[in-house]
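Asks: Quick one: the structure is below, and I'll ask about it shortly.
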Amino acid sequence: MSALNISSPLVSASWLAEHLSDPKLIVLDATWFLPGSDRDAQKEWREKRIPGARFFDFDKKIAHPSAPFPHMLPEPAHFSHEVEALGVSNNSQIVVYDSQGIFSAPRVWWMFRAMGHDHVAVLDGGLPAWEAEGNVVEQGEPTTFDIGKFEACYQAQWVIDGDSLLQHLNTPGVQVLDARAAARFYGTQPEPRQGVRSGHMPSAKSLPFGQLLKDGHFLPPEQLQQRFDAVSDSDQNLIFSCGSGVTACILALAAELAGRKQLTVYDGSWTEWGATFKYPVV
């Protein structure tokens with residue numbers, strides 16, 4: 001059997017079932033629920049997970065500890081330390097999933113890419129797809145594993161902050177795409193977080209993340225390509241925003257599947273932009 005090498009950002013449940021026992025493969029459960037959902041992702045992981053899956057907490061643990069906005073990308077050293085504790089090394093082949101199909105797993109795919117690790121993929125359809133194919137799940141305390149050896153190599157092109165984005169808003173080679181629901185983008189539905197203005201950035205375009213998915217799976221690449229062609233030019237640098245930097249990563253992964261090259265996520269997203277009064281809102 002040839003050495004495992006993840007080269008695509010998306011894998012199927014059947015592919016994962018076939019390779020699950022490979023010693024280089026690490027499966028991460030990146031389930032996260034919106035605030036106010038009254039669901040505990042880590043508790044649910046203990047109750048039902050893909051065998052051997054380790055819980056990746058990007059909301060509290062693998063996040064910048066002092067950032068004023070939710071689950072901001074941590075410093076490379078912090079990221080390295082935390083993923084080593086999950087047994088991840090630089091040669092690990094990583095598959096990330098969530099329990100909702102496609103929702104929060106792309107965030108972790110993006111985090112690894114921003115930290116210079118390219119051998120990472122999202123499980124298309126997530127845990128529901130895994131179960132739908134009759135694969136086993138496990139529960140209880142996870143088995144122990146060795147600490148990994150991981151050195152992050154930060155890739156700045158994957159990340160942008162609010163001040164830098166403000167300077168790029170009217171650059172012809174740049175297009176901001178907003179993953180929030182259209183009603184939030186157009187300001188007809190209030191923002192869920194207090195103190196955050198309604199509306200969108202000047203010159204941004206609306207591309208709700210649900211338009212890139214069907215039944216918890218990504219659309220085929222040619223359909224994704226059509227979605228992006230409708231809102232941007234093929235050579236533009238795409239910057240993705242959403243409510244707090246989670247579903248923006250669904251757009252980033254979809255854009256990669258569609259063959260787009262220059263992809264950047266606005267980490268603070270609308271939680272920062274809408275609450276920071278120096279930033280213009282339409």
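Going by the structure tokens order, chains are called A, B, ..., each with residues numbered from 1, while ligands are numbered from 1 in the order shown.
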Run DSSP on the backbone and grab whatever in stretch 51-161 of chain A lands in alpha helix (DSSP H); send it over as a ChimeraX atom specification.
Replies: /A:76-85,105-114,126-132
Asks: Name the residues of stretch 114-267 of chain A that come out as strand (DSSP E or B) in a backbone DSSP run; write them as a count of residues only.
Replies: 27
Asks: May I have a table of the residues of stretch 41-110 of chain A lying at most 12 Å from stretch 250-271 of chain A, giving each one's closest pair of atoms and their distance in Å to one decimal, counting only C-alpha atoms, ordered by chain and ascending residue number, as CSV?
Replies:
residue,atom,partner,partner_atom,distance
A:Ala63,CA,A:Asp267,CA,11.3
A:His64,CA,A:Asp267,CA,11.2
A:Ala67,CA,A:Gly268,CA,9.6
A:Pro68,CA,A:Gly268,CA,9.3
A:Phe69,CA,A:Gly268,CA,6.5
A:Pro70,CA,A:Gly268,CA,7.8
A:His71,CA,A:Asp267,CA,8.7
A:Met72,CA,A:Asp267,CA,6.3
A:Leu73,CA,A:Asp267,CA,7.1
A:Pro74,CA,A:Asp267,CA,10.8
A:Gly101,CA,A:Ile250,CA,11.5
A:Ile102,CA,A:Ile250,CA,7.7
A:Phe103,CA,A:Ile250,CA,7.1
A:Ser104,CA,A:Ile250,CA,8.0
A:Ala105,CA,A:Ile250,CA,8.4
A:Pro106,CA,A:Ile250,CA,5.5
A:Arg107,CA,A:Ile250,CA,7.3
A:Val108,CA,A:Ile250,CA,10.4
A:Trp109,CA,A:Leu253,CA,8.1
A:Trp110,CA,A:Leu253,CA,7.7
Asks: Please, what distance in Å, to one decimal, runs between atom CA of A:Asp229 and atom CA of A:Pro190?
Replies: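 A separation of 29.0 Å between them.
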Asks: Considering only C-alpha atoms, return as a PyMOL selection string whatever protein or nucleic-acid residues lie within 12 Å of A:Ile94, sequence-local ones (same chain, fewer than 5 positions apart) excluded.
Replies: chain A and resi 4-11+16+19-20+22-30+53-54+56+83+86-89+105+108-109+112-113+117-123
Asks: For stretch 92-188 of chain A against stretch 232-236 of chain A, with a cut-off of 8 Å and counting only C-alpha atoms, what is the closest atom pair and its distance in Å to one decimal for every residue that makes the cut, ordered by chain and number, as a tab-separated table?
Replies:
residue	atom	partner	partner_atom	distance
A:Pro172	CA	A:Gln236	CA	7.9
A:Gly173	CA	A:Gln236	CA	4.8
A:Val174	CA	A:Gln236	CA	5.3
A:Gln175	CA	A:Gln236	CA	6.5
Asks: Please, what distance in Å, to one decimal, runs between atom CA of A:Ala182 and atom CA of A:Trp273?
Replies: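 Pair atom CA of A:Ala182 / atom CA of A:Trp273 returns 17.0 Å.
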Asks: Could you tell me which of A:Ala275, A:Met115, A:Val137, A:Leu207 comes closest to A:Gly195 if we count only C-alpha atoms?
Replies: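 Checking each candidate against A:Gly195, we get A:Ala275 as the closest.
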Asks: Would you mind telling me which residue in A:Thr31, A:Ser21, A:Ser198, A:Asn91 lies nearest to A:Lys43 when using only C-alpha atoms?
Replies: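 So, comparing all the options, the nearest one is A:Thr31.
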Asks: Could I get the residues of stretch 225-258 of chain A with an atom no further than 12 Å from an atom of stretch 140-157 of chain A, each paired with its nearest atom pair and that distance in Å to one decimal, using only C-alpha atoms, sorted by chain and residue number, as CSV?
Replies:
residue,atom,partner,partner_atom,distance
A:Asn237,CA,A:Gln157,CA,10.1
A:Leu238,CA,A:Gln157,CA,11.0
A:Ile239,CA,A:Gln157,CA,10.3
Asks: Which distance in Å separates atom CA of A:Leu166 and atom CA of A:Phe58, to one decimal?
Replies: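 Result for atom CA of A:Leu166 versus atom CA of A:Phe58: 26.0 Å, one decimal.
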